[in-house]
>>> print(open('structure.txt').read())   # compact mmCIF, C-alpha atoms
# COMPACT_ATOMS: atom_id res chain seq x y z
CA MET U 105 115.91 109.63 101.68
CA MET U 106 113.43 111.78 103.55
CA ALA U 107 110.88 110.56 101.02
CA LEU U 108 111.52 106.93 101.94
CA TYR U 109 111.33 107.72 105.66
CA LEU U 110 108.02 109.52 105.29
CA ARG U 111 106.59 106.86 103.01
CA ASP U 112 107.40 104.07 105.45
CA LEU U 113 105.90 106.05 108.33
CA LYS U 114 102.76 106.64 106.30
CA LEU U 115 102.53 102.96 105.42
CA ALA U 116 103.03 101.92 109.03
CA THR U 117 100.27 104.17 110.32
CA ARG U 118 97.71 103.42 107.61
CA ALA U 119 95.38 100.45 107.65
CA GLY U 120 97.24 97.16 107.77
CA GLY U 121 100.51 98.88 108.55
CA GLY U 122 100.96 97.08 111.82
CA ALA U 123 102.45 99.89 113.90
CA LEU U 124 99.76 99.32 116.51
CA THR U 125 100.27 95.56 116.67
CA GLY U 126 103.53 95.88 118.58
CA ILE U 127 102.13 98.32 121.15
CA LEU U 128 99.05 96.22 121.76
CA PHE U 129 101.15 93.10 122.16
CA PHE U 130 103.47 94.91 124.55
CA MET U 131 100.54 96.17 126.62
CA ALA U 132 98.93 92.74 126.62
CA VAL U 133 102.09 90.99 127.83
CA VAL U 134 102.79 93.49 130.59
CA ALA U 135 99.14 93.80 131.63
CA VAL U 136 98.76 90.07 132.30
CA VAL U 137 101.92 89.83 134.42
CA PRO U 138 100.27 91.21 137.62
CA PHE U 139 97.50 88.65 137.20
CA GLY U 140 99.97 85.85 136.78
CA LEU U 141 102.22 86.81 139.67
CA GLY U 142 99.46 87.71 142.08
CA PRO U 143 99.00 90.86 144.15
CA ASP U 144 102.50 90.91 145.69
CA LEU U 145 103.41 94.56 145.11
CA LYS U 146 107.01 94.14 146.19
CA LEU U 147 107.58 91.26 143.82
CA LEU U 148 105.95 93.18 140.96
CA ALA U 149 108.20 96.18 141.53
CA GLN U 150 111.17 93.85 141.59
CA VAL U 151 110.44 92.10 138.27
CA GLY U 152 109.11 95.31 136.67
CA PRO U 153 112.11 96.44 134.62
CA ALA U 154 112.76 92.90 133.38
CA MET U 155 109.12 92.41 132.38
CA LEU U 156 109.05 95.71 130.51
CA TRP U 157 112.24 94.80 128.69
CA ILE U 158 111.10 91.30 127.75
CA GLY U 159 107.75 92.65 126.58
CA ALA U 160 109.38 95.38 124.50
CA LEU U 161 111.89 92.92 123.02
CA LEU U 162 109.20 90.48 121.87
CA ALA U 163 106.98 93.29 120.63
CA SER U 164 109.77 94.76 118.52
CA LEU U 165 110.49 91.39 116.96
CA LEU U 166 106.87 91.10 115.86
CA GLY U 167 106.69 93.15 112.69
CA LEU U 168 110.31 92.85 111.66
CA ASP U 169 109.93 90.11 109.05
CA ARG U 170 107.78 92.41 106.91
CA LEU U 171 110.52 95.05 106.76
CA PHE U 172 111.82 93.95 103.35
CA GLN U 173 109.33 91.24 102.46
CA ALA U 174 106.57 93.73 101.70
CA GLU U 175 108.95 95.59 99.39
CA ARG U 176 109.93 92.39 97.66
CA GLU U 177 106.37 91.22 97.12
CA ASP U 178 105.31 94.29 95.17
CA GLY U 179 108.58 94.60 93.29
CA ALA U 180 109.74 97.79 94.99
CA LEU U 181 112.85 96.05 96.30
CA ASP U 182 114.10 95.66 92.71
CA MET U 183 113.90 99.41 92.24
CA MET U 184 115.71 100.01 95.52
CA LEU U 185 118.53 97.71 94.38
CA MET U 186 118.90 99.74 91.19
CA GLN U 187 119.18 103.24 92.65
CA GLU U 188 122.14 105.50 92.91
CA THR U 189 121.43 105.78 96.64
CA PRO U 190 123.60 103.17 98.35
CA LEU U 191 121.53 100.22 99.49
CA VAL U 192 123.11 100.47 102.96
CA LEU U 193 121.60 103.91 103.36
CA THR U 194 118.20 102.75 102.10
CA VAL U 195 118.25 99.92 104.65
CA PHE U 196 119.30 102.29 107.43
CA VAL U 197 116.49 104.72 106.66
CA LYS U 198 113.99 101.89 106.52
CA CYS U 199 115.18 100.72 109.95
CA LEU U 200 114.89 104.24 111.28
CA ALA U 201 111.33 104.56 109.99
CA HIS U 202 110.45 101.13 111.37
CA TRP U 203 111.82 102.07 114.77
CA THR U 204 109.97 105.41 114.78
CA ALA U 205 106.72 103.66 113.95
CA SER U 206 107.00 100.60 116.16
CA GLY U 207 109.93 101.02 118.58
CA LEU U 208 109.45 104.57 119.81
CA PRO U 209 105.79 104.03 120.78
CA LEU U 210 106.91 101.14 123.01
CA VAL U 211 109.28 103.49 124.80
CA LEU U 212 106.52 106.05 125.17
CA VAL U 213 103.94 103.69 126.69
CA SER U 214 106.46 102.02 129.01
CA PRO U 215 105.93 104.55 131.89
CA LEU U 216 102.22 103.77 131.90
CA LEU U 217 102.94 100.05 132.01
CA GLY U 218 105.51 100.69 134.72
CA LEU U 219 102.66 101.94 136.90
CA PHE U 220 100.84 98.63 136.37
CA LEU U 221 103.86 96.93 137.86
CA ASN U 222 104.12 99.18 140.92
CA MET U 223 107.54 100.49 139.86
CA GLU U 224 109.14 103.51 141.52
CA PRO U 225 109.47 106.69 139.44
CA THR U 226 113.28 106.28 139.26
CA ALA U 227 112.94 102.73 137.99
CA ILE U 228 110.33 103.77 135.45
CA PHE U 229 112.48 106.58 134.18
CA ALA U 230 115.59 104.39 134.04
CA THR U 231 113.75 101.63 132.16
CA MET U 232 112.38 104.15 129.70
CA LEU U 233 115.85 105.55 129.12
CA THR U 234 117.38 102.12 128.56
CA LEU U 235 114.54 101.20 126.20
CA LEU U 236 115.15 104.39 124.26
CA ALA U 237 118.82 103.49 123.90
CA GLY U 238 118.32 99.78 123.34
CA THR U 239 115.29 99.30 121.07
CA PRO U 240 117.00 100.77 117.97
CA ALA U 241 119.57 97.99 118.30
CA ILE U 242 116.79 95.38 118.16
CA THR U 243 115.47 96.88 114.92
CA LEU U 244 118.95 97.11 113.39
CA ILE U 245 119.82 93.52 114.33
CA GLY U 246 116.40 92.42 113.15
CA ALA U 247 117.03 94.01 109.76
CA MET U 248 119.81 91.48 109.19
CA GLY U 249 117.47 88.60 109.95
CA ALA U 250 114.70 90.13 107.86
CA ALA U 251 117.06 90.52 104.90
CA VAL U 252 118.27 86.93 105.15
CA ALA U 253 114.72 85.59 105.32
CA VAL U 254 113.31 88.00 102.72
CA ALA U 255 112.61 85.29 100.16
CA LEU U 256 110.81 82.99 102.60
CA PRO U 257 107.03 83.37 102.56
CA ARG U 258 106.60 82.63 106.29
CA GLY U 259 109.89 83.89 107.59
CA GLY U 260 108.49 85.53 110.70
CA LEU U 261 109.43 82.86 113.18
CA LEU U 262 112.76 82.24 111.47
CA VAL U 263 113.65 85.92 111.74
CA SER U 264 112.90 85.91 115.46
CA ILE U 265 115.01 82.81 116.04
CA LEU U 266 117.89 84.06 113.90
CA VAL U 267 117.90 87.35 115.69
CA LEU U 268 117.30 86.21 119.26
CA PRO U 269 120.90 85.23 120.13
CA LEU U 270 122.12 88.60 118.93
CA VAL U 271 119.59 90.61 120.91
CA ILE U 272 120.29 88.78 124.19
CA PRO U 273 123.18 91.17 125.04
CA VAL U 274 120.86 94.12 124.45
CA LEU U 275 118.41 92.61 126.93
CA ILE U 276 121.13 91.83 129.49
CA PHE U 277 122.66 95.30 129.50
CA GLY U 278 119.31 97.03 129.20
CA VAL U 279 117.91 95.25 132.24
CA SER U 280 121.06 95.53 134.30
CA ALA U 281 121.26 99.27 133.65
CA ALA U 282 117.60 99.66 134.62
CA TYR U 283 118.18 97.71 137.86
CA ALA U 284 121.38 99.60 138.59
CA ALA U 285 119.36 102.82 138.75
CA VAL U 286 117.33 101.54 141.71
CA GLU U 287 119.71 99.16 143.48
CA ASP U 288 122.29 101.21 145.28
CA PRO U 289 125.74 99.65 144.95
CA ALA U 290 125.53 98.85 141.23
CA PRO U 291 126.59 101.71 138.95
CA PHE U 292 124.15 102.76 136.22
CA LEU U 293 126.55 104.20 133.71
CA PRO U 294 128.77 101.24 132.64
CA PRO U 295 125.94 98.92 131.50
CA PHE U 296 124.14 101.87 129.92
CA MET U 297 127.25 102.84 127.99
CA ILE U 298 127.66 99.28 126.72
CA LEU U 299 124.00 99.26 125.68
CA THR U 300 124.52 102.47 123.71
CA ALA U 301 127.68 101.02 122.21
CA ILE U 302 125.76 97.94 121.04
CA THR U 303 123.22 100.19 119.33
CA LEU U 304 125.93 102.23 117.62
CA PHE U 305 127.81 99.09 116.61
CA PHE U 306 124.75 97.57 114.96
CA ALA U 307 123.86 100.91 113.35
CA VAL U 308 126.95 100.23 111.23
CA ILE U 309 126.99 96.43 110.98
CA GLY U 310 123.22 95.88 110.65
CA PRO U 311 122.48 97.86 107.48
CA ALA U 312 125.72 96.70 105.84
CA ALA U 313 124.96 93.02 106.49
CA ALA U 314 121.32 93.44 105.47
CA ALA U 315 122.36 95.13 102.21
CA VAL U 316 124.68 92.24 101.35
CA ALA U 317 121.93 89.72 102.10
CA LEU U 318 119.41 91.64 99.99
CA ARG U 319 121.74 91.80 97.01
CA ALA U 320 122.37 88.08 97.28
CA SER U 321 118.67 87.30 97.51
CA SER U 322 117.63 89.04 94.28
CA GLU U 323 116.95 86.73 91.42
CA MET Q 33 126.75 112.88 73.91
CA PRO Q 34 124.34 110.24 72.61
CA ILE Q 35 124.28 107.03 74.55
CA ARG Q 36 125.02 103.56 73.32
CA LEU Q 37 124.23 100.33 75.15
CA ARG Q 38 126.79 97.65 74.51
CA VAL Q 39 126.31 94.10 75.77
CA ASP Q 40 129.15 91.68 75.24
CA GLY Q 41 129.24 87.93 75.71
CA LEU Q 42 126.44 87.95 78.28
CA GLY Q 43 125.35 84.63 79.72
CA ALA Q 44 123.14 83.52 82.58
CA SER Q 45 121.78 80.26 83.87
CA ARG Q 46 119.12 79.02 86.26
CA GLY Q 47 120.78 76.44 88.46
CA GLU Q 48 122.67 74.18 86.07
CA ASP Q 49 120.66 75.08 82.98
CA PRO Q 50 122.00 77.84 80.77
CA ILE Q 51 119.29 80.30 79.75
CA PHE Q 52 121.37 82.20 77.22
CA ARG Q 53 125.03 82.41 76.41
CA GLU Q 54 127.49 84.64 74.54
CA PHE Q 55 124.83 87.24 73.90
CA CYS Q 56 126.03 90.40 72.13
CA LEU Q 57 124.02 93.51 71.45
CA VAL Q 58 124.64 97.11 70.47
CA LEU Q 59 121.81 99.61 70.75
CA ASP Q 60 122.34 103.25 69.77
CA ALA Q 61 120.41 106.17 71.16
CA GLY Q 62 116.84 105.87 69.92
CA GLY Q 63 117.21 102.13 69.43
CA ALA Q 64 114.85 99.44 70.58
CA LEU Q 65 114.92 95.71 71.07
CA LEU Q 66 111.85 93.52 71.19
CA VAL Q 67 112.32 90.23 72.98
CA THR Q 68 109.81 87.55 72.11
CA GLY Q 69 109.56 83.87 72.83
CA ARG Q 70 107.33 81.36 74.50
CA ASN Q 71 106.73 81.24 78.23
CA GLY Q 72 109.66 79.97 80.20
CA THR Q 73 112.29 80.65 77.57
CA GLY Q 74 114.00 83.23 79.76
CA LYS Q 75 112.72 86.61 78.62
CA SER Q 76 112.34 87.86 82.16
CA THR Q 77 115.67 86.39 83.25
CA PHE Q 78 117.30 88.17 80.32
CA LEU Q 79 115.83 91.52 81.35
CA ARG Q 80 116.67 90.98 85.02
CA THR Q 81 120.24 90.09 84.07
CA LEU Q 82 120.50 93.32 82.10
CA ALA Q 83 119.10 95.20 85.08
CA GLY Q 84 121.74 93.67 87.33
CA LEU Q 85 119.08 91.97 89.45
CA TYR Q 86 120.07 88.48 88.37
CA PRO Q 87 123.72 87.42 88.46
CA ALA Q 88 125.29 86.98 85.04
CA ASP Q 89 127.65 84.04 84.46
CA SER Q 90 129.80 86.00 82.07
CA GLY Q 91 129.88 89.08 79.92
CA THR Q 92 129.75 92.84 80.32
CA ILE Q 93 127.07 95.47 80.02
CA LEU Q 94 128.24 98.98 79.22
CA LEU Q 95 126.43 102.23 78.72
CA GLU Q 96 128.64 104.56 76.69
CA GLY Q 97 127.99 108.26 76.97
CA ALA Q 98 126.31 108.05 80.35
CA THR Q 99 126.49 111.13 82.54
CA ASP Q 100 128.64 109.36 85.11
CA PRO Q 101 130.77 106.70 83.40
CA THR Q 102 131.92 105.15 86.68
CA ALA Q 103 128.39 104.46 87.97
CA PRO Q 104 126.97 100.96 87.54
CA VAL Q 105 124.73 100.61 84.48
CA ARG Q 106 121.75 99.65 86.63
CA GLU Q 107 121.51 103.24 87.85
CA SER Q 108 120.72 104.40 84.31
CA LEU Q 109 117.90 101.92 83.87
CA HIS Q 110 114.21 101.86 84.47
CA TYR Q 111 112.99 98.35 85.08
CA LEU Q 112 109.30 97.64 84.75
CA GLY Q 113 108.82 94.12 86.05
CA HIS Q 114 105.78 91.91 86.41
CA ARG Q 115 105.08 93.53 89.70
CA ASN Q 116 104.20 97.19 89.72
CA ALA Q 117 106.36 98.37 92.65
CA MET Q 118 103.49 100.40 94.07
CA LYS Q 119 102.02 100.34 97.55
CA ARG Q 120 98.32 99.49 97.68
CA ASP Q 121 97.70 101.64 100.75
CA LEU Q 122 99.19 104.82 99.30
CA THR Q 123 97.45 106.92 96.70
CA VAL Q 124 98.65 106.75 93.10
CA ALA Q 125 100.08 110.26 93.34
CA GLU Q 126 101.89 109.48 96.62
CA ASN Q 127 103.43 106.41 95.02
CA LEU Q 128 104.66 108.35 92.01
CA VAL Q 129 105.93 111.29 94.04
CA PHE Q 130 107.84 108.86 96.23
CA TRP Q 131 109.54 107.18 93.27
CA ALA Q 132 110.38 110.53 91.71
CA ARG Q 133 112.01 111.73 94.96
CA PHE Q 134 113.66 108.40 95.67
CA SER Q 135 115.12 108.26 92.17
CA GLY Q 136 116.71 111.64 92.79
CA GLN Q 137 114.67 113.47 90.19
CA ALA Q 138 114.93 117.23 90.52
CA GLY Q 139 111.96 119.51 89.95
CA ASP Q 140 108.42 119.39 91.25
CA PRO Q 141 107.49 115.72 91.72
CA ALA Q 142 103.81 116.44 92.40
CA LYS Q 143 103.41 118.23 89.07
CA ASP Q 144 105.46 115.57 87.27
CA ALA Q 145 103.22 112.89 88.73
CA ASP Q 146 100.10 114.71 87.55
CA ASP Q 147 101.56 115.11 84.06
CA ALA Q 148 102.62 111.46 83.91
CA LEU Q 149 99.15 110.32 84.99
CA GLU Q 150 97.65 112.51 82.28
CA VAL Q 151 99.90 110.83 79.69
CA VAL Q 152 98.92 107.30 80.69
CA GLY Q 153 95.24 108.23 80.78
CA LEU Q 154 94.75 108.29 84.53
CA GLY Q 155 94.39 112.06 84.84
CA GLY Q 156 92.40 113.00 87.93
CA LEU Q 157 92.78 109.59 89.58
CA GLY Q 158 95.92 110.50 91.53
CA HIS Q 159 94.03 110.83 94.80
CA LEU Q 160 92.79 107.21 94.79
CA PRO Q 161 94.61 104.48 96.72
CA PHE Q 162 96.61 102.34 94.32
CA GLY Q 163 94.87 99.17 95.51
CA TYR Q 164 91.56 100.72 94.46
CA LEU Q 165 92.44 100.67 90.75
CA SER Q 166 91.71 97.86 88.30
CA ALA Q 167 94.57 95.65 87.09
CA GLY Q 168 94.90 97.59 83.84
CA GLN Q 169 94.85 100.93 85.60
CA GLN Q 170 97.48 99.70 88.04
CA ARG Q 171 99.68 98.75 85.13
CA ARG Q 172 99.22 102.18 83.61
CA ALA Q 173 100.13 103.80 86.92
CA ALA Q 174 103.26 101.65 86.95
CA LEU Q 175 104.08 102.91 83.45
CA ALA Q 176 103.71 106.46 84.76
CA ARG Q 177 106.57 105.68 87.12
CA LEU Q 178 108.91 105.54 84.11
CA LEU Q 179 107.92 109.09 83.27
CA VAL Q 180 108.37 110.78 86.65
CA ALA Q 181 112.11 110.14 86.78
CA HIS Q 182 114.37 110.22 83.78
CA ARG Q 183 116.43 107.14 82.96
CA PRO Q 184 118.00 106.73 79.50
CA VAL Q 185 117.31 103.01 79.18
CA TRP Q 186 113.95 101.36 79.77
CA LEU Q 187 113.65 97.63 80.39
CA MET Q 188 110.04 96.58 80.13
CA ASP Q 189 108.81 93.13 81.00
CA GLU Q 190 105.39 92.55 79.47
CA PRO Q 191 104.49 96.24 79.56
CA THR Q 192 101.07 95.58 78.09
CA ALA Q 193 100.02 92.89 80.58
CA ALA Q 194 96.37 93.50 81.59
CA LEU Q 195 96.07 96.46 79.20
CA ASP Q 196 93.29 96.99 76.66
CA THR Q 197 93.95 97.74 72.99
CA ALA Q 198 93.77 101.49 73.38
CA SER Q 199 96.30 101.34 76.19
CA GLU Q 200 98.59 99.18 74.06
CA ARG Q 201 98.68 102.07 71.56
CA MET Q 202 99.50 104.33 74.50
CA VAL Q 203 102.45 102.09 75.42
CA GLU Q 204 103.66 102.23 71.83
CA ALA Q 205 103.43 106.02 71.97
CA LEU Q 206 105.38 106.07 75.25
CA ILE Q 207 108.12 103.92 73.71
CA ALA Q 208 108.23 106.07 70.58
CA GLY Q 209 108.38 109.21 72.71
CA HIS Q 210 111.23 107.89 74.80
CA ARG Q 211 113.19 106.85 71.70
CA ALA Q 212 112.61 110.23 70.08
CA THR Q 213 114.40 111.90 72.99
CA GLY Q 214 117.41 109.64 72.57
CA GLY Q 215 116.43 106.86 74.93
CA ILE Q 216 116.78 103.12 74.49
CA VAL Q 217 113.95 100.65 75.04
CA ILE Q 218 114.20 96.91 75.54
CA ALA Q 219 110.82 95.25 75.86
CA ALA Q 220 109.85 91.62 76.35
CA THR Q 221 106.37 90.90 75.12
CA HIS Q 222 104.15 88.44 73.39
CA GLN Q 223 101.64 91.01 72.25
CA ALA Q 224 102.33 92.34 68.78
CA LEU Q 225 103.75 95.75 69.69
CA ASP Q 226 104.33 98.15 66.87
CA VAL Q 227 107.85 99.46 67.44
CA PRO Q 228 109.26 100.68 64.14
CA GLY Q 229 112.89 99.88 63.43
CA ALA Q 230 113.31 97.69 66.49
CA GLN Q 231 115.77 94.84 66.56
CA MET Q 232 114.15 91.51 67.26
CA LEU Q 233 115.30 88.79 69.59
CA THR Q 234 113.52 85.49 69.75
CA MET Q 235 114.32 83.38 72.74
CA SER Q 236 113.85 79.69 72.23
CA GLY Q 237 115.08 78.09 75.41
CA PHE Q 238 118.71 77.09 75.29
CA ALA Q 239 119.66 78.47 71.90
CA VAL Q 240 119.32 82.19 71.28
CA THR Q 241 119.01 83.56 67.78
CA ALA Q 242 119.39 87.30 67.41
>>> encode(input="structure.txt", output="structure tokens")
Amino acid sequence: MMALYLRDLKLATRAGGGALTGILFFMAVVAVVPFGLGPDLKLLAQVGPAMLWIGALLASLLGLDRLFQAEREDGALDMMLMQETPLVLTVFVKCLAHWTASGLPLVLVSPLLGLFLNMEPTAIFATMLTLLAGTPAITLIGAMGAAVAVALPRGGLLVSILVLPLVIPVLIFGVSAAYAAVEDPAPFLPPFMILTAITLFFAVIGPAAAAVALRASSE
Amino acid sequence: MPIRLRVDGLGASRGEDPIFREFCLVLDAGGALLVTGRNGTGKSTFLRTLAGLYPADSGTILLEGATDPTAPVRESLHYLGHRNAMKRDLTVAENLVFWARFSGQAGDPAKDADDALEVVGLGGLGHLPFGYLSAGQQRRAALARLLVAHRPVWLMDEPTAALDTASERMVEALIAGHRATGGIVIAATHQALDVPGAQMLTMSGFAVTA
């Protein structure tokens, strides 16, 4: 399984792997916000956590459709379906590698982008923490969509649309936890715990559902 | 214990059209089956059904004498499809080492990969990206994948596609070698492959004659 993890990381970082695409998109989205909203520093700080979350959400949806499609196109998916290793585990490891290559970098650049948006250190740290807890859920949910759309040649948009309703709760609890850290009366922990619970929940449901969809799609 | 592949009453269809029906086959250790037939008669579907990648309408596939009798048959198979299952951006050796590890093969995968590449005539090319190779060389690298992890039954779909005559002899030698060690080979091809003592199956569309 370590072999699969390392292979997917290698593929993501080599030419055409697309690990950078997500980060660049994320940076582009967040970098244009100050220009769009104008130089109102207070307003920027206020929308900061939400902008970071929306940017990260869209950026993580970007490369998801290729998660299984690339494997299917070169026939590797057939081999994965035939192994002794349970398919659920294969899917989980692929999600993990995908998140390491394209989700984790988003978390890591978010403090820098937080500065663009005039966010306070507490808000930046809280947003980073919620992104760290929430972005794996996006990948795991996305794996279900990617598995369903694996046979479609241009499934990218379809994956995003299939997945969007399911990732809305992640966004809601991620943003509300990030805001709770800076706005006094609201408690930080409850929304953060729910966010973590969503991630854990989809760590189980996501790979299982994706494995079923992949088995059904083979022909 | 020598293995025996037993297929009973197998049938599959594409949509409403049956491809084959009530197909029975027994292959002992060292046995081989050559599947021939025109394009579109269902050779690939037949192999994919055996591999468990395409749903069968009816019938059973059993591998007697397998190390773990409860495991699905597909885990004892190597399937070489039309597509080579290799990543263009990784080197040939990286690809092979990955498949060896992923298939749970014990031992030293790097050395096994080198040896396998030597056998298929790609010795010394392991460091090149897979996408850098010619079509025939890619096919040979894909054949090397069968060697880096042991599976008792090989299913080969057009193994000689894109290969030159010398490499076709190499494929025949690979098949003979695998059968000599008690393996079973089922190959679909329209090249004349020299596989001594192989059973023949000619697919002719809806009616199958074995």
>>> closest_atom_pairs(input="structure.txt", of="chain Q", to="chain U", cutoff="10 Å", atoms="all atoms listed in the file", output="JSON lines")
{"residue": "Q:Arg46", "atom": "CA", "partner": "U:Glu323", "partner_atom": "CA", "distance": 9.5}
{"residue": "Q:Thr77", "atom": "CA", "partner": "U:Glu323", "partner_atom": "CA", "distance": 8.3}
{"residue": "Q:Arg80", "atom": "CA", "partner": "U:Glu323", "partner_atom": "CA", "distance": 7.7}
{"residue": "Q:Thr81", "atom": "CA", "partner": "U:Glu323", "partner_atom": "CA", "distance": 8.7}
{"residue": "Q:Ala83", "atom": "CA", "partner": "U:Met186", "partner_atom": "CA", "distance": 7.6}
{"residue": "Q:Gly84", "atom": "CA", "partner": "U:Met186", "partner_atom": "CA", "distance": 7.7}
{"residue": "Q:Leu85", "atom": "CA", "partner": "U:Ser322", "partner_atom": "CA", "distance": 5.8}
{"residue": "Q:Tyr86", "atom": "CA", "partner": "U:Glu323", "partner_atom": "CA", "distance": 4.7}
{"residue": "Q:Pro87", "atom": "CA", "partner": "U:Glu323", "partner_atom": "CA", "distance": 7.4}
{"residue": "Q:Ala103", "atom": "CA", "partner": "U:Glu188", "partner_atom": "CA", "distance": 8.0}
{"residue": "Q:Pro104", "atom": "CA", "partner": "U:Glu188", "partner_atom": "CA", "distance": 8.5}
{"residue": "Q:Val105", "atom": "CA", "partner": "U:Met186", "partner_atom": "CA", "distance": 8.9}
{"residue": "Q:Arg106", "atom": "CA", "partner": "U:Met186", "partner_atom": "CA", "distance": 5.4}
{"residue": "Q:Glu107", "atom": "CA", "partner": "U:Gln187", "partner_atom": "CA", "distance": 5.3}
{"residue": "Q:Ser108", "atom": "CA", "partner": "U:Met186", "partner_atom": "CA", "distance": 8.5}
{"residue": "Q:Leu109", "atom": "CA", "partner": "U:Met186", "partner_atom": "CA", "distance": 7.7}
{"residue": "Q:His110", "atom": "CA", "partner": "U:Met183", "partner_atom": "CA", "distance": 8.2}
{"residue": "Q:Tyr111", "atom": "CA", "partner": "U:Met183", "partner_atom": "CA", "distance": 7.3}
{"residue": "Q:Leu112", "atom": "CA", "partner": "U:Met183", "partner_atom": "CA", "distance": 9.0}
{"residue": "Q:Gly113", "atom": "CA", "partner": "U:Gly179", "partner_atom": "CA", "distance": 7.3}
{"residue": "Q:His114", "atom": "CA", "partner": "U:Gly179", "partner_atom": "CA", "distance": 7.9}
{"residue": "Q:Arg115", "atom": "CA", "partner": "U:Gly179", "partner_atom": "CA", "distance": 5.1}
{"residue": "Q:Asn116", "atom": "CA", "partner": "U:Gly179", "partner_atom": "CA", "distance": 6.2}
{"residue": "Q:Ala117", "atom": "CA", "partner": "U:Ala180", "partner_atom": "CA", "distance": 4.2}
{"residue": "Q:Met118", "atom": "CA", "partner": "U:Asp178", "partner_atom": "CA", "distance": 6.5}
{"residue": "Q:Lys119", "atom": "CA", "partner": "U:Asp178", "partner_atom": "CA", "distance": 7.3}
{"residue": "Q:Arg120", "atom": "CA", "partner": "U:Asp178", "partner_atom": "CA", "distance": 9.1}
{"residue": "Q:Asp121", "atom": "CA", "partner": "U:Leu115", "partner_atom": "CA", "distance": 6.8}
{"residue": "Q:Leu122", "atom": "CA", "partner": "U:Leu115", "partner_atom": "CA", "distance": 7.2}
{"residue": "Q:Glu126", "atom": "CA", "partner": "U:Arg111", "partner_atom": "CA", "distance": 8.4}
{"residue": "Q:Asn127", "atom": "CA", "partner": "U:Arg111", "partner_atom": "CA", "distance": 8.6}
{"residue": "Q:Val129", "atom": "CA", "partner": "U:Ala107", "partner_atom": "CA", "distance": 8.6}
{"residue": "Q:Phe130", "atom": "CA", "partner": "U:Ala107", "partner_atom": "CA", "distance": 5.9}
{"residue": "Q:Trp131", "atom": "CA", "partner": "U:Ala107", "partner_atom": "CA", "distance": 8.6}
{"residue": "Q:Ala132", "atom": "CA", "partner": "U:Ala107", "partner_atom": "CA", "distance": 9.3}
{"residue": "Q:Arg133", "atom": "CA", "partner": "U:Ala107", "partner_atom": "CA", "distance": 6.3}
{"residue": "Q:Phe134", "atom": "CA", "partner": "U:Ala107", "partner_atom": "CA", "distance": 6.4}
{"residue": "Q:Ser135", "atom": "CA", "partner": "U:Gln187", "partner_atom": "CA", "distance": 6.5}
{"residue": "Q:Gly136", "atom": "CA", "partner": "U:Glu188", "partner_atom": "CA", "distance": 8.2}
>>> residues_around(input="structure.txt", residues="Gly249 (chain U)", least_positions_apart="3", cutoff="6 Å", atoms="only C-alpha atoms", output="count of residues only")
4
>>> residues_around(input="structure.txt", residues="region 201-205 of chain U", least_positions_apart="3", cutoff="12 Å", atoms="all atoms listed in the file", output="PyMOL selection string")
chain U and resi 105-118+121-127+163-172+194-198+208-212+235-247
>>> axis_aligned_box(input="structure.txt", around="region 49-59 of chain Q", padding_each_side="8 Å", output="lines of an AutoDock Vina configuration file")
center_x = 123.4
center_y = 87.3
center_z = 76.7
size_x = 24.2
size_y = 40.5
size_z = 28.5
>>> residues_around(input="structure.txt", residues="Glu224 (chain U)", least_positions_apart="5", cutoff="12 Å", atoms="only C-alpha atoms", output="NGL selection string")
:U and (145-146 or 148-153 or 215-219 or 229-231 or 282-283 or 285-287)
>>> closest_residue(input="structure.txt", among="Q:Gly72, Q:Gly214, Q:Gly97, Q:Gly168", to="Glu200 (chain Q)", atoms="all atoms listed in the file")
Q:Gly168
>>> atom_distance(input="structure.txt", atom1="CA of Arg53 (chain Q)", atom2="CA of Gly229 (chain Q)")
24.9 Å
>>> atom_distance(input="structure.txt", atom1="CA of Ala193 (chain Q)", atom2="CA of Arg258 (chain U)")
28.5 Å
>>> residues_near_point(input="structure.txt", point="(129.4, 90.5, 72.6)", cutoff="9 Å", atoms="all atoms listed in the file", output="list of chain:residue names")
Q:Arg38, Q:Val39, Q:Asp40, Q:Gly41, Q:Leu42, Q:Glu54, Q:Phe55, Q:Cys56, Q:Leu57, Q:Val58, Q:Gly91, Q:Thr92
>>> write_last_selection(input="structure.txt", atoms="C-alpha atoms", output="mmCIF file, in the frame of the given file")
data_model
loop_
_atom_site.group_PDB
_atom_site.id
_atom_site.type_symbol
_atom_site.label_atom_id
_atom_site.label_comp_id
_atom_site.auth_asym_id
_atom_site.auth_seq_id
_atom_site.Cartn_x
_atom_site.Cartn_y
_atom_site.Cartn_z
ATOM 1 C CA ARG Q 38 126.790 97.650 74.510
ATOM 2 C CA VAL Q 39 126.310 94.100 75.770
ATOM 3 C CA ASP Q 40 129.150 91.680 75.240
ATOM 4 C CA GLY Q 41 129.240 87.930 75.710
ATOM 5 C CA LEU Q 42 126.440 87.950 78.280
ATOM 6 C CA GLU Q 54 127.490 84.640 74.540
ATOM 7 C CA PHE Q 55 124.830 87.240 73.900
ATOM 8 C CA CYS Q 56 126.030 90.400 72.130
ATOM 9 C CA LEU Q 57 124.020 93.510 71.450
ATOM 10 C CA VAL Q 58 124.640 97.110 70.470
ATOM 11 C CA GLY Q 91 129.880 89.080 79.920
ATOM 12 C CA THR Q 92 129.750 92.840 80.320
#
>>> residues_around(input="structure.txt", residues="Met235 (chain Q)", least_positions_apart="4", cutoff="12 Å", atoms="only C-alpha atoms", output="ChimeraX atom specification")
/Q:51-53,55,66-79,220-222,239-242
>>> atom_distance(input="structure.txt", atom1="CA of Val185 (chain Q)", atom2="CA of Ala224 (chain Q)")
21.1 Å
>>> residues_near_point(input="structure.txt", point="(106.6, 95.4, 77.3)", cutoff="7 Å", atoms="only C-alpha atoms", output="list in words")
Met188, Asp189, Glu190, Pro191, Thr192, Ala219, Ala220 and Thr221 of chain Q
